[in-house]
file query_11.cif (mmCIF, N, CA and C atoms)
data_protein
loop_
_atom_site.label_atom_id
_atom_site.label_comp_id
_atom_site.auth_asym_id
_atom_site.auth_seq_id
_atom_site.Cartn_x
_atom_site.Cartn_y
_atom_site.Cartn_z
N MET Q 1 -34.89 85.25 -30.87
CA MET Q 1 -36.25 85.07 -31.29
C MET Q 1 -37.21 85.63 -30.27
N GLY Q 2 -37.06 85.48 -29.07
CA GLY Q 2 -37.94 86.07 -28.09
C GLY Q 2 -39.13 85.20 -27.74
N GLU Q 3 -39.95 85.70 -26.82
CA GLU Q 3 -41.09 84.92 -26.33
C GLU Q 3 -42.22 84.83 -27.34
N GLY Q 4 -42.37 85.80 -28.21
CA GLY Q 4 -43.44 85.80 -29.20
C GLY Q 4 -43.30 84.70 -30.23
N ALA Q 5 -42.08 84.25 -30.51
CA ALA Q 5 -41.84 83.22 -31.50
C ALA Q 5 -42.39 81.88 -31.05
N ALA Q 6 -42.29 81.58 -29.77
CA ALA Q 6 -42.79 80.31 -29.25
C ALA Q 6 -44.30 80.24 -29.34
N ALA Q 7 -44.96 81.35 -29.22
CA ALA Q 7 -46.42 81.38 -29.27
C ALA Q 7 -46.95 81.10 -30.67
N LYS Q 8 -46.13 81.30 -31.69
CA LYS Q 8 -46.58 81.11 -33.07
C LYS Q 8 -46.48 79.66 -33.54
N ILE Q 9 -45.83 78.82 -32.78
CA ILE Q 9 -45.70 77.41 -33.16
C ILE Q 9 -47.02 76.72 -32.87
N PRO Q 10 -47.64 76.13 -33.87
CA PRO Q 10 -48.92 75.47 -33.62
C PRO Q 10 -48.75 74.23 -32.75
N ALA Q 11 -49.77 73.97 -31.96
CA ALA Q 11 -49.75 72.78 -31.10
C ALA Q 11 -49.81 71.53 -31.96
N ARG Q 12 -49.17 70.48 -31.50
CA ARG Q 12 -49.21 69.21 -32.24
C ARG Q 12 -50.58 68.58 -32.07
N THR Q 13 -51.13 68.17 -33.16
CA THR Q 13 -52.42 67.49 -33.12
C THR Q 13 -52.23 66.09 -33.68
N GLU Q 14 -53.13 65.23 -33.30
CA GLU Q 14 -53.09 63.86 -33.80
C GLU Q 14 -53.41 63.87 -35.29
N PRO Q 15 -52.64 63.18 -36.10
CA PRO Q 15 -52.97 63.13 -37.53
C PRO Q 15 -54.26 62.34 -37.75
N GLU Q 16 -54.93 62.66 -38.82
CA GLU Q 16 -56.13 61.92 -39.17
C GLU Q 16 -55.76 60.48 -39.48
N PRO Q 17 -56.54 59.53 -38.99
CA PRO Q 17 -56.21 58.13 -39.31
C PRO Q 17 -56.41 57.87 -40.79
N GLY Q 18 -55.66 56.94 -41.31
CA GLY Q 18 -55.79 56.58 -42.72
C GLY Q 18 -57.08 55.82 -42.99
N PHE Q 19 -57.29 55.52 -44.24
CA PHE Q 19 -58.52 54.84 -44.67
C PHE Q 19 -58.74 53.54 -43.90
N LEU Q 20 -57.75 52.67 -43.89
CA LEU Q 20 -57.91 51.37 -43.25
C LEU Q 20 -58.02 51.50 -41.73
N VAL Q 21 -57.19 52.34 -41.14
CA VAL Q 21 -57.19 52.50 -39.69
C VAL Q 21 -58.53 53.05 -39.20
N ALA Q 22 -59.07 54.04 -39.89
CA ALA Q 22 -60.35 54.63 -39.48
C ALA Q 22 -61.47 53.59 -39.52
N ARG Q 23 -61.47 52.75 -40.50
CA ARG Q 23 -62.51 51.73 -40.60
C ARG Q 23 -62.29 50.63 -39.56
N TRP Q 24 -61.05 50.25 -39.33
CA TRP Q 24 -60.77 49.21 -38.35
C TRP Q 24 -61.13 49.65 -36.94
N ARG Q 25 -60.91 50.92 -36.63
CA ARG Q 25 -61.21 51.45 -35.30
C ARG Q 25 -62.67 51.83 -35.11
N GLY Q 26 -63.45 51.73 -36.17
CA GLY Q 26 -64.87 52.09 -36.06
C GLY Q 26 -65.10 53.59 -36.05
N GLN Q 27 -64.21 54.35 -36.67
CA GLN Q 27 -64.32 55.80 -36.69
C GLN Q 27 -65.10 56.30 -37.91
N VAL Q 28 -65.62 55.39 -38.68
CA VAL Q 28 -66.45 55.72 -39.84
C VAL Q 28 -67.88 55.26 -39.51
N THR Q 29 -68.86 56.02 -39.94
CA THR Q 29 -70.24 55.64 -39.65
C THR Q 29 -70.58 54.30 -40.29
N MET Q 30 -71.48 53.60 -39.65
CA MET Q 30 -71.89 52.29 -40.17
C MET Q 30 -72.50 52.42 -41.55
N SER Q 31 -73.29 53.45 -41.77
CA SER Q 31 -73.92 53.59 -43.09
C SER Q 31 -72.88 53.79 -44.19
N ARG Q 32 -71.86 54.60 -43.93
CA ARG Q 32 -70.81 54.80 -44.95
C ARG Q 32 -70.02 53.51 -45.16
N LEU Q 33 -69.64 52.87 -44.08
CA LEU Q 33 -68.85 51.65 -44.16
C LEU Q 33 -69.60 50.55 -44.90
N PHE Q 34 -70.86 50.35 -44.50
CA PHE Q 34 -71.64 49.27 -45.09
C PHE Q 34 -72.04 49.59 -46.53
N TRP Q 35 -72.73 50.70 -46.74
CA TRP Q 35 -73.31 50.98 -48.05
C TRP Q 35 -72.27 51.45 -49.06
N TRP Q 36 -71.42 52.40 -48.69
CA TRP Q 36 -70.48 52.93 -49.68
C TRP Q 36 -69.25 52.03 -49.82
N ASP Q 37 -68.54 51.81 -48.70
CA ASP Q 37 -67.27 51.08 -48.78
C ASP Q 37 -67.46 49.62 -49.18
N MET Q 38 -68.46 48.97 -48.59
CA MET Q 38 -68.62 47.54 -48.85
C MET Q 38 -69.49 47.29 -50.08
N VAL Q 39 -70.72 47.78 -50.05
CA VAL Q 39 -71.66 47.44 -51.13
C VAL Q 39 -71.27 48.08 -52.47
N VAL Q 40 -70.96 49.36 -52.46
CA VAL Q 40 -70.67 50.04 -53.73
C VAL Q 40 -69.21 49.79 -54.18
N VAL Q 41 -68.26 50.25 -53.38
CA VAL Q 41 -66.85 50.15 -53.79
C VAL Q 41 -66.37 48.70 -53.78
N GLY Q 42 -66.67 47.99 -52.71
CA GLY Q 42 -66.23 46.59 -52.61
C GLY Q 42 -66.81 45.74 -53.73
N SER Q 43 -68.09 45.94 -54.04
CA SER Q 43 -68.71 45.18 -55.12
C SER Q 43 -68.09 45.54 -56.47
N ALA Q 44 -67.78 46.81 -56.67
CA ALA Q 44 -67.14 47.23 -57.93
C ALA Q 44 -65.77 46.57 -58.08
N ILE Q 45 -65.03 46.51 -57.00
CA ILE Q 45 -63.72 45.86 -57.05
C ILE Q 45 -63.88 44.38 -57.37
N ASN Q 46 -64.88 43.73 -56.78
CA ASN Q 46 -65.11 42.31 -57.05
C ASN Q 46 -65.54 42.07 -58.49
N VAL Q 47 -66.36 42.93 -59.03
CA VAL Q 47 -66.76 42.79 -60.44
C VAL Q 47 -65.53 42.95 -61.34
N ALA Q 48 -64.69 43.93 -61.02
CA ALA Q 48 -63.48 44.15 -61.82
C ALA Q 48 -62.55 42.95 -61.78
N THR Q 49 -62.35 42.36 -60.60
CA THR Q 49 -61.45 41.20 -60.52
C THR Q 49 -62.07 39.98 -61.20
N THR Q 50 -63.39 39.87 -61.16
CA THR Q 50 -64.05 38.75 -61.85
C THR Q 50 -63.88 38.89 -63.37
N ILE Q 51 -64.08 40.11 -63.87
CA ILE Q 51 -63.89 40.34 -65.31
C ILE Q 51 -62.44 40.08 -65.71
N ALA Q 52 -61.51 40.56 -64.89
CA ALA Q 52 -60.09 40.33 -65.18
C ALA Q 52 -59.78 38.83 -65.17
N ALA Q 53 -60.36 38.10 -64.23
CA ALA Q 53 -60.12 36.65 -64.15
C ALA Q 53 -60.68 35.95 -65.39
N LEU Q 54 -61.85 36.38 -65.86
CA LEU Q 54 -62.41 35.78 -67.07
C LEU Q 54 -61.55 36.09 -68.29
N MET Q 55 -61.00 37.30 -68.33
CA MET Q 55 -60.11 37.66 -69.44
C MET Q 55 -58.84 36.80 -69.40
N VAL Q 56 -58.29 36.62 -68.21
CA VAL Q 56 -57.10 35.78 -68.06
C VAL Q 56 -57.41 34.35 -68.47
N LEU Q 57 -58.57 33.87 -68.06
CA LEU Q 57 -58.99 32.51 -68.41
C LEU Q 57 -59.12 32.35 -69.93
N GLY Q 58 -59.58 33.41 -70.58
CA GLY Q 58 -59.70 33.38 -72.04
C GLY Q 58 -58.37 33.37 -72.77
N MET Q 59 -57.30 33.68 -72.07
CA MET Q 59 -55.97 33.68 -72.68
C MET Q 59 -55.33 32.31 -72.67
N LYS Q 60 -56.09 31.33 -72.27
CA LYS Q 60 -55.61 29.94 -72.25
C LYS Q 60 -54.39 29.76 -71.34
N VAL Q 61 -54.43 30.42 -70.20
CA VAL Q 61 -53.38 30.24 -69.19
C VAL Q 61 -53.91 29.24 -68.15
N PRO Q 62 -53.07 28.77 -67.27
CA PRO Q 62 -53.55 27.82 -66.26
C PRO Q 62 -54.71 28.40 -65.43
N VAL Q 63 -55.64 27.53 -65.12
CA VAL Q 63 -56.81 27.94 -64.34
C VAL Q 63 -56.40 28.51 -62.99
N ALA Q 64 -55.31 28.03 -62.43
CA ALA Q 64 -54.84 28.52 -61.14
C ALA Q 64 -54.54 30.02 -61.20
N LEU Q 65 -54.01 30.49 -62.32
CA LEU Q 65 -53.72 31.91 -62.46
C LEU Q 65 -55.01 32.73 -62.51
N ALA Q 66 -55.99 32.24 -63.25
CA ALA Q 66 -57.29 32.92 -63.30
C ALA Q 66 -57.95 32.94 -61.93
N LEU Q 67 -57.84 31.85 -61.20
CA LEU Q 67 -58.40 31.79 -59.85
C LEU Q 67 -57.68 32.78 -58.93
N ALA Q 68 -56.38 32.89 -59.06
CA ALA Q 68 -55.61 33.83 -58.24
C ALA Q 68 -56.05 35.27 -58.52
N VAL Q 69 -56.28 35.60 -59.78
CA VAL Q 69 -56.75 36.94 -60.13
C VAL Q 69 -58.13 37.17 -59.55
N HIS Q 70 -58.99 36.18 -59.64
CA HIS Q 70 -60.34 36.29 -59.10
C HIS Q 70 -60.32 36.54 -57.59
N LEU Q 71 -59.39 35.93 -56.90
CA LEU Q 71 -59.34 36.03 -55.44
C LEU Q 71 -58.49 37.20 -54.93
N LEU Q 72 -58.01 38.04 -55.83
CA LEU Q 72 -57.21 39.20 -55.41
C LEU Q 72 -57.95 40.10 -54.42
N ALA Q 73 -59.25 40.20 -54.56
CA ALA Q 73 -60.03 41.09 -53.69
C ALA Q 73 -60.37 40.45 -52.34
N LEU Q 74 -60.09 39.19 -52.16
CA LEU Q 74 -60.48 38.51 -50.92
C LEU Q 74 -59.93 39.16 -49.65
N PRO Q 75 -58.66 39.56 -49.58
CA PRO Q 75 -58.21 40.22 -48.34
C PRO Q 75 -58.99 41.51 -48.03
N TYR Q 76 -59.29 42.29 -49.06
CA TYR Q 76 -60.07 43.52 -48.87
C TYR Q 76 -61.50 43.17 -48.44
N ASN Q 77 -62.07 42.14 -49.04
CA ASN Q 77 -63.42 41.70 -48.65
C ASN Q 77 -63.45 41.31 -47.18
N LEU Q 78 -62.48 40.53 -46.76
CA LEU Q 78 -62.43 40.10 -45.36
C LEU Q 78 -62.20 41.29 -44.43
N PHE Q 79 -61.37 42.24 -44.85
CA PHE Q 79 -61.16 43.44 -44.05
C PHE Q 79 -62.48 44.19 -43.86
N LEU Q 80 -63.22 44.41 -44.95
CA LEU Q 80 -64.49 45.13 -44.84
C LEU Q 80 -65.48 44.36 -43.97
N PHE Q 81 -65.54 43.06 -44.14
CA PHE Q 81 -66.43 42.23 -43.31
C PHE Q 81 -66.10 42.42 -41.83
N LEU Q 82 -64.82 42.32 -41.49
CA LEU Q 82 -64.42 42.46 -40.09
C LEU Q 82 -64.61 43.88 -39.58
N ALA Q 83 -64.39 44.88 -40.43
CA ALA Q 83 -64.60 46.27 -40.03
C ALA Q 83 -66.07 46.53 -39.73
N VAL Q 84 -66.97 45.99 -40.56
CA VAL Q 84 -68.40 46.13 -40.29
C VAL Q 84 -68.74 45.42 -38.98
N TRP Q 85 -68.20 44.25 -38.79
CA TRP Q 85 -68.47 43.47 -37.58
C TRP Q 85 -68.04 44.24 -36.33
N ARG Q 86 -66.85 44.85 -36.40
CA ARG Q 86 -66.33 45.61 -35.26
C ARG Q 86 -67.12 46.90 -35.04
N THR Q 87 -67.47 47.59 -36.11
CA THR Q 87 -68.20 48.84 -35.99
C THR Q 87 -69.62 48.59 -35.50
N ALA Q 88 -70.16 47.43 -35.78
CA ALA Q 88 -71.52 47.10 -35.35
C ALA Q 88 -71.65 47.15 -33.83
N GLU Q 89 -70.56 46.91 -33.13
CA GLU Q 89 -70.60 46.96 -31.67
C GLU Q 89 -70.92 48.35 -31.14
N LYS Q 90 -70.76 49.37 -31.97
CA LYS Q 90 -71.00 50.75 -31.56
C LYS Q 90 -72.39 51.24 -31.94
N THR Q 91 -73.21 50.37 -32.50
CA THR Q 91 -74.55 50.77 -32.92
C THR Q 91 -75.59 50.05 -32.07
N THR Q 92 -76.84 50.30 -32.38
CA THR Q 92 -77.92 49.63 -31.64
C THR Q 92 -77.92 48.14 -32.00
N PRO Q 93 -78.43 47.30 -31.10
CA PRO Q 93 -78.41 45.85 -31.38
C PRO Q 93 -79.12 45.47 -32.69
N LYS Q 94 -80.23 46.13 -33.00
CA LYS Q 94 -80.96 45.80 -34.22
C LYS Q 94 -80.13 46.14 -35.46
N ILE Q 95 -79.56 47.34 -35.49
CA ILE Q 95 -78.71 47.75 -36.62
C ILE Q 95 -77.49 46.85 -36.70
N ALA Q 96 -76.90 46.53 -35.55
CA ALA Q 96 -75.71 45.68 -35.53
C ALA Q 96 -76.02 44.32 -36.14
N TRP Q 97 -77.13 43.73 -35.75
CA TRP Q 97 -77.49 42.40 -36.25
C TRP Q 97 -77.71 42.44 -37.76
N ILE Q 98 -78.43 43.45 -38.23
CA ILE Q 98 -78.70 43.58 -39.67
C ILE Q 98 -77.39 43.79 -40.44
N ALA Q 99 -76.52 44.66 -39.93
CA ALA Q 99 -75.25 44.94 -40.60
C ALA Q 99 -74.36 43.71 -40.63
N GLN Q 100 -74.29 42.99 -39.53
CA GLN Q 100 -73.45 41.79 -39.48
C GLN Q 100 -73.98 40.71 -40.40
N LEU Q 101 -75.28 40.52 -40.42
CA LEU Q 101 -75.87 39.53 -41.33
C LEU Q 101 -75.65 39.93 -42.78
N GLY Q 102 -75.85 41.22 -43.08
CA GLY Q 102 -75.63 41.72 -44.44
C GLY Q 102 -74.18 41.59 -44.86
N ALA Q 103 -73.26 41.88 -43.94
CA ALA Q 103 -71.83 41.77 -44.26
C ALA Q 103 -71.44 40.31 -44.51
N ALA Q 104 -72.00 39.40 -43.72
CA ALA Q 104 -71.70 37.98 -43.92
C ALA Q 104 -72.22 37.51 -45.28
N ALA Q 105 -73.44 37.89 -45.60
CA ALA Q 105 -74.02 37.51 -46.90
C ALA Q 105 -73.20 38.12 -48.04
N TRP Q 106 -72.80 39.38 -47.88
CA TRP Q 106 -72.04 40.05 -48.93
C TRP Q 106 -70.70 39.38 -49.17
N VAL Q 107 -69.96 39.09 -48.09
CA VAL Q 107 -68.63 38.51 -48.27
C VAL Q 107 -68.72 37.13 -48.92
N ILE Q 108 -69.75 36.37 -48.60
CA ILE Q 108 -69.94 35.07 -49.25
C ILE Q 108 -70.25 35.24 -50.74
N LEU Q 109 -71.21 36.12 -51.03
CA LEU Q 109 -71.58 36.35 -52.44
C LEU Q 109 -70.43 36.97 -53.24
N ALA Q 110 -69.73 37.91 -52.64
CA ALA Q 110 -68.64 38.58 -53.33
C ALA Q 110 -67.51 37.59 -53.65
N THR Q 111 -67.28 36.68 -52.78
CA THR Q 111 -66.23 35.68 -53.01
C THR Q 111 -66.64 34.69 -54.08
N MET Q 112 -67.92 34.36 -54.13
CA MET Q 112 -68.41 33.38 -55.11
C MET Q 112 -68.68 34.00 -56.48
N LEU Q 113 -68.84 35.31 -56.54
CA LEU Q 113 -69.21 36.02 -57.79
C LEU Q 113 -68.27 35.71 -58.90
#
call {"tool": "encode", "arguments": {"input": "query_11.cif", "output": "structure tokens"}}
result
Amino acid sequence: MGEGAAAKIPARTEPEPGFLVARWRGQVTMSRLFWWDMVVVGSAINVATTIAALMVLGMKVPVALALAVHLLALPYNLFLFLAVWRTAEKTTPKIAWIAQLGAAAWVILATML
């Protein structure tokens, strides 16, 4: 192969972090994390699980099953809440306080919805 073959091998680079890892490490901007991931996508997921829970409840199954369906989004909600909380440390104190307060209010409302 010779010396020229070694030069053609690309250097190893770090792979891009996945969706969850990037948010957990604070590698996503606060505006994207808060407004898009939490408010838009997270709220849509919560609405979908609430509708599904109401449909299950209408099927005359045990209430515990409907409650379980309703709470399916809770781990994701808590993840987003904690990701916002962690990412807030990388922003200005005013933005951090607003984001943390908004995330706390959102996770409470999303769980109760």
call {"tool": "atom_distance", "arguments": {"input": "query_11.cif", "atom1": "atom C of Thr91 in chain Q", "atom2": "CA of Arg23 in chain Q"}}
result
15.7 Å
call {"tool": "residues_around", "arguments": {"input": "query_11.cif", "residues": "Leu57 in chain Q", "least_positions_apart": "5", "cutoff": "10 Å", "atoms": "only C-alpha atoms", "output": "list in words"}}
result
Ile51, Ala52, Pro62, Val63, Ala64, Leu65, Ala66, Leu67 and Val69 of chain Q
call {"tool": "resolve_selection", "arguments": {"input": "query_11.cif", "expression": "the PyMOL selection byres (((chain Q and resi 25 and name CA) around 8) and name CA)", "output": "VMD selection string"}}
result
chain Q and resid 21 to 24 26 to 27 83 86 to 87
call {"tool": "write_last_selection", "arguments": {"input": "query_11.cif", "atoms": "N, CA and C atoms", "output": "CSV table (one decimal), keeping the file's coordinate frame"}}
result
chain,number,residue,atom,x,y,z
Q,21,VAL,N,-57.2,52.3,-41.1
Q,21,VAL,CA,-57.2,52.5,-39.7
Q,21,VAL,C,-58.5,53.0,-39.2
Q,22,ALA,N,-59.1,54.0,-39.9
Q,22,ALA,CA,-60.4,54.6,-39.5
Q,22,ALA,C,-61.5,53.6,-39.5
Q,23,ARG,N,-61.5,52.8,-40.5
Q,23,ARG,CA,-62.5,51.7,-40.6
Q,23,ARG,C,-62.3,50.6,-39.6
Q,24,TRP,N,-61.0,50.2,-39.3
Q,24,TRP,CA,-60.8,49.2,-38.4
Q,24,TRP,C,-61.1,49.6,-36.9
Q,26,GLY,N,-63.4,51.7,-36.2
Q,26,GLY,CA,-64.9,52.1,-36.1
Q,26,GLY,C,-65.1,53.6,-36.0
Q,27,GLN,N,-64.2,54.4,-36.7
Q,27,GLN,CA,-64.3,55.8,-36.7
Q,27,GLN,C,-65.1,56.3,-37.9
Q,83,ALA,N,-64.4,44.9,-40.4
Q,83,ALA,CA,-64.6,46.3,-40.0
Q,83,ALA,C,-66.1,46.5,-39.7
Q,86,ARG,N,-66.8,44.8,-36.4
Q,86,ARG,CA,-66.3,45.6,-35.3
Q,86,ARG,C,-67.1,46.9,-35.0
Q,87,THR,N,-67.5,47.6,-36.1
Q,87,THR,CA,-68.2,48.8,-36.0
Q,87,THR,C,-69.6,48.6,-35.5
call {"tool": "axis_aligned_box", "arguments": {"input": "query_11.cif", "around": "range 59-68 of chain Q", "padding_each_side": "5 Å", "output": "lines of an AutoDock Vina configuration file"}}
result
center_x = -55.7
center_y = 31.4
center_z = -65.5
size_x = 15.3
size_y = 17.7
size_z = 24.4
call {"tool": "atom_distance", "arguments": {"input": "query_11.cif", "atom1": "atom N of Asn77 in chain Q", "atom2": "CA of Gly42 in chain Q"}}
result
7.1 Å
call {"tool": "atom_distance", "arguments": {"input": "query_11.cif", "atom1": "atom N of Pro75 in chain Q", "atom2": "atom C of Thr111 in chain Q"}}
result
10.4 Å
call {"tool": "residues_near_point", "arguments": {"input": "query_11.cif", "point": "(-74.5, 48.9, -42.8)", "cutoff": "7 Å", "atoms": "all atoms listed in the file", "output": "MDAnalysis selection string"}}
result
chainID Q and resid 30:35 98:100
call {"tool": "select_by_dssp", "arguments": {"input": "query_11.cif", "residues": "chain Q", "states": "helix (DSSP H, G or I)", "output": "PyMOL selection string"}}
result
chain Q and resi 3-7+19-24+30-58+63-88+93-112
call {"tool": "residues_around", "arguments": {"input": "query_11.cif", "residues": "Trp85 in chain Q", "least_positions_apart": "6", "cutoff": "8 Å", "atoms": "all atoms listed in the file", "output": "list in words"}}
result
Phe79, Ala96, Ala99, Gln100, Leu101, Ala103 and Ala104 of chain Q
call {"tool": "closest_residue", "arguments": {"input": "query_11.cif", "among": "Q:Val56, Q:Ile9, Q:Ile45, Q:Met38", "to": "Trp106 in chain Q", "atoms": "only C-alpha atoms"}}
result
Q:Met38
call {"tool": "closest_residue", "arguments": {"input": "query_11.cif", "among": "Q:Lys90, Q:Gly102, Q:Leu54, Q:Leu113", "to": "Val28 in chain Q", "atoms": "only C-alpha atoms"}}
result
Q:Lys90
call {"tool": "decode", "arguments": {"input": "query_11.cif", "residues": "range 55-80 of chain Q", "atoms": "C-alpha atoms", "output": "PDB file, in the first residue's frame"}}
result
ATOM      1  CA  MET Q  55     -59.928   7.025  25.137  1.00  0.00           C
ATOM      2  CA  VAL Q  56     -58.746   4.159  27.346  1.00  0.00           C
ATOM      3  CA  LEU Q  57     -60.991   5.408  30.143  1.00  0.00           C
ATOM      4  CA  GLY Q  58     -63.914   5.390  27.714  1.00  0.00           C
ATOM      5  CA  MET Q  59     -63.315   1.701  27.042  1.00  0.00           C
ATOM      6  CA  LYS Q  60     -64.479   0.893  30.548  1.00  0.00           C
ATOM      7  CA  VAL Q  61     -61.116  -0.507  31.636  1.00  0.00           C
ATOM      8  CA  PRO Q  62     -59.713  -0.034  35.130  1.00  0.00           C
ATOM      9  CA  VAL Q  63     -58.901   3.560  36.014  1.00  0.00           C
ATOM     10  CA  ALA Q  64     -55.367   2.484  36.909  1.00  0.00           C
ATOM     11  CA  LEU Q  65     -54.713   1.612  33.262  1.00  0.00           C
ATOM     12  CA  ALA Q  66     -55.968   5.004  32.080  1.00  0.00           C
ATOM     13  CA  LEU Q  67     -53.807   6.694  34.709  1.00  0.00           C
ATOM     14  CA  ALA Q  68     -50.775   4.692  33.562  1.00  0.00           C
ATOM     15  CA  VAL Q  69     -51.350   5.822  29.967  1.00  0.00           C
ATOM     16  CA  HIS Q  70     -51.724   9.418  31.123  1.00  0.00           C
ATOM     17  CA  LEU Q  71     -48.430   9.254  33.018  1.00  0.00           C
ATOM     18  CA  LEU Q  72     -46.439   7.692  30.162  1.00  0.00           C
ATOM     19  CA  ALA Q  73     -44.914  11.080  29.355  1.00  0.00           C
ATOM     20  CA  LEU Q  74     -43.789  11.758  32.936  1.00  0.00           C
ATOM     21  CA  PRO Q  75     -40.207  10.431  32.540  1.00  0.00           C
ATOM     22  CA  TYR Q  76     -39.727  12.598  29.430  1.00  0.00           C
ATOM     23  CA  ASN Q  77     -41.249  15.589  31.235  1.00  0.00           C
ATOM     24  CA  LEU Q  78     -38.857  15.156  34.148  1.00  0.00           C
ATOM     25  CA  PHE Q  79     -35.930  14.742  31.758  1.00  0.00           C
ATOM     26  CA  LEU Q  80     -36.784  18.012  29.989  1.00  0.00           C
TER      27      LEU Q  80
END
